[in-house]
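K.L.:
Got a structure for you, written out below as structure tokens; questions coming shortly.
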Amino acid sequence: MRKFLAATMMASSVLAVNTALVPMGTADAQEDSRYGGTIRSVIVEGNQRIEARTVQSYLLVEPGDSFDPDRIDLSLKTLFATNLFADVSIDRVDDNLVVRVVENPIINRVVFEGNSALDDDKLKEDIQAAPRGIFTAARVQSDVQRILELYRQSGRFAAKVEPQYKPLEQNRVDLIFEITEGPVTGVRSINFLGNQAYSDSRLRSEIVTRQSRLWRFFSSNDNYDPGRLEYDRDLLRQFYQNNGYYDFRVTSAVAELTPDQKDFYITMTVDEGRQYYFGEVKVETALEKLNAEALKRAVPIQSDTLFRGDSIEDTIDSLTYAAGIAGYAFVDVRPQLDVNPETGLIDVTFAVDEGPRVYIDRINIVGNTQTLDRVIRRELRISEGDAFNRILLDRSKNRVRALGYFKNVEVVETPSEDPDRTIVDIKVEEQPTGELSFAAGFSSVDAYLLDVSASQRNLRGRGQSVVARVSASSRQQILDFRFTEPRLFDRNLSGGIDAYATRQDYEDYSGFTSDTIGAGVRLGFPLTERMQLGLSYRLQTDEVNVLDRNYIIDEDGFFVTDRVQITGADTPEDLTDDTYRLVEPGDAGAGQRVVDQCSRDYVLRDPICRAERSDLSSILGYNFYWDRTNDPIRPSRGFDFRFSQDLAGIGGDVKYLRTESTATMYRGIWRDVIASLRVSGGYVFPLEDGQGVRINNRFFRGGSTFRGFDVAGIGPREIVRVVDPETGEVVQTRRLNSQGGNVYYQSTFELSLPSFLPEEYGIKSALFAEAGALGSLRGPDVGPTIYFTDQSTGLPAVRLTKTAASMRASAGLSVFWDSPFGPIRFDFSQILKREDYDRTETFRFSTSTRF
């Protein structure tokens, strides 16, 4: 292996050119007898790989031509321009023209040594050198600069690249790039000059480049990148113009390398100018179907409000949309700004004219390696040959994004050969849609959690979805299989089948367990662009089992005890050695009996005992969805609305009508700060007189559905109150089983907050406030009020069911972490309003898996 010396090879080439040109390049030589006569033959010497005929084809002279020095000189230059030869000379021997060549080597392979930050594939993509390519000094030096540029873009400005080559037989070489990557060049500080309205720290928060800090080890934005610095200049301009500074400009942006060559100092000099407000806002149009006054009502800008550059763009979109509704698919909205520095006002006139008609010549789908073209095209609201419509194009982009198959969706318009036609490229970047997950976790709600699921949201690239899941926790066990075909029978109709088996354990909350096995079918179709209707049918068996537990009751059927003392009875003054066990048959004393808690002989029998049976449920349902949000993934404006009803009773043993509705409004406030208000409610009532609603079909709220309260923590509940007979005051309140409710209503306000952490950390947070109620049990669903003497205190007591739907409220902070182990959520809550029998919690940790 020898060290590569580009200068040496270049010098030898130049020397050869000069040597060849000396006898031919002077005026005296043209009169020399050596240049008279006719070329008898052309002889090629020194060629190994390249045929003589190929060399002769580049010459501008041939046998029979005269020895013309100008044409011979041009032939020499032509041969050098091919990059096939390291050296070329042309001489006359008698009447023969002799062309002597030294061929450039052929690259056998390209090797990179010392690179770890950038892999070989990335480097090979950006250089010209490749196996079986021509080896030239110029190309190698050009590749060296390309590699250095790649390292500069990744923040390594101290990188060095030294090319070497190893000669091989048959005029081949191995090209080797020895790379010394050097350390990552960070940003030691970012300073601003000329800023008066905003501090340096505020301006740093508005740009992408960040100062190098220890906690940013996952981020690459603290590496110096000249391209990113230009983008930062544009971000600063947008920020200032959105705060009234129309004249703002960045006069200079300088990056200086520190003496140790490890970091950069970045200094931006800005000229803020003065702050402006909107003055008079007008709309002018000469189009027949448009009214200027009507269009002005669509303008979101108000006079005497702070000037915002984004408001101009928003107004253009609003006017374009309004003109589109009126039938003008092609409009040209031109804002005219009249800036008055003396008054600080900017008058804006929007001129609305009909634009040139443009039609879509072709739609190309680019980047979909797995997803079939037709899966993407069926989401588009435009086709080849249609009139170009910006609104429909943006709507098509959002529909493709909503599929969830792609990490990024970009729409690019390029002009075609015809001026009235355009080509639309839908560029997508696919992301994994299949998932095989094994999860284990712990939460304050479900204790342990084990989950195994296999899912594919884009089966065989056809858009089909299949999910198989096995999940187990201390509160629920699930077996679930679902399949969905988004285009049933190649129509705009979705269909799916479900099969499931679940077990819900509410023994700690309501004293029962519920086992469900069932299957169902689903159909869905759009009513309009933003409205969808779904139909479903489920057939399932539900078995409710109440916790088996023995009680000792007296002759009148009242509770005596549920425990028997087995040690410590001989020392009543010492309670440390007291132990108990649950009541067993044979523990009853004189005048007592041992019964199950659901025995009809037990006066304080829990009302949920009525539900202990197995039923067949035949459930027909529908759901309506209306989406008016601006973004299907992270909405910041608009609202969505859901309404569903399930009717049980078309066959089967259970008869009820269950209705639920949810409406959510979104409003972006500033960057990542988005406010949302969700209002929801539900109502279930029996369709069979005197039967009530079975407990497993009622609503339960709390835990993840009402933060600050435990699972089934609010709503109707059986309680026991012990009363002091002398004062009438409640001495003790004991919570018994939650009964669920037939009616609930709830509102949730949430304000998402920026985490000020790199996005790759996956941490988000939100402030929340919740208020609502659950209740309205009636008839057989309410247990009787029973007065008795409490055995533990000897005081009067009453057992009753609290059914009132009284208001509850809570507020707090939720932190979401999209961790490598799955989504994790932390809730910190403060109770604002509650009942004394509610079950509350101030902290909750939960984890789950996605499907």
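We label chains A, B, ... in the order they appear in the structure tokens, count residues from 1 in each chain, and number ligands from 1 in the order shown.
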Based on DSSP run over this structure's backbone, return all residues of stretch 559-662 of chain A in strand (DSSP E or B), as a PyMOL selection string.

P.N.:
chain A and resi 559-561+563-567+579-582+593-596+614-627+637-652+656-662

K.L.:
Would you kindly return, as a list in words, each protein, DNA or RNA residue with an atom no farther than 8 Å from any atom of stretch 643-659 of chain A, considering only C-alpha atoms and excluding same-chain residues fewer than 3 positions away?

P.N.:
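Counting only C-alpha atoms, the residues come to Asp615, Leu616, Ser617, Ser618, Ile619, Leu620, Gly621, Tyr622, Asn623, Phe624, Tyr625, Thr662, Gly682, Tyr683, Val684, Phe685, Pro686, Leu687, Glu688 and Val693 of chain A.
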
K.L.:
Just checking: using only C-alpha atoms, which residue out of A:Thr785, A:Ser311, A:Asn630, A:Thr705 ends up closest to A:Gly668?

P.N.:
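Among the listed residues, the smallest separation from A:Gly668 belongs to A:Asn630.
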
K.L.:
Between A:Val111, A:Ile674, A:Gly404, A:Leu76, which has the minimum distance to A:Pro632 (counting only C-alpha atoms)?

P.N.:
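Residue with the minimum atom-to-atom distance to A:Pro632: A:Gly404.
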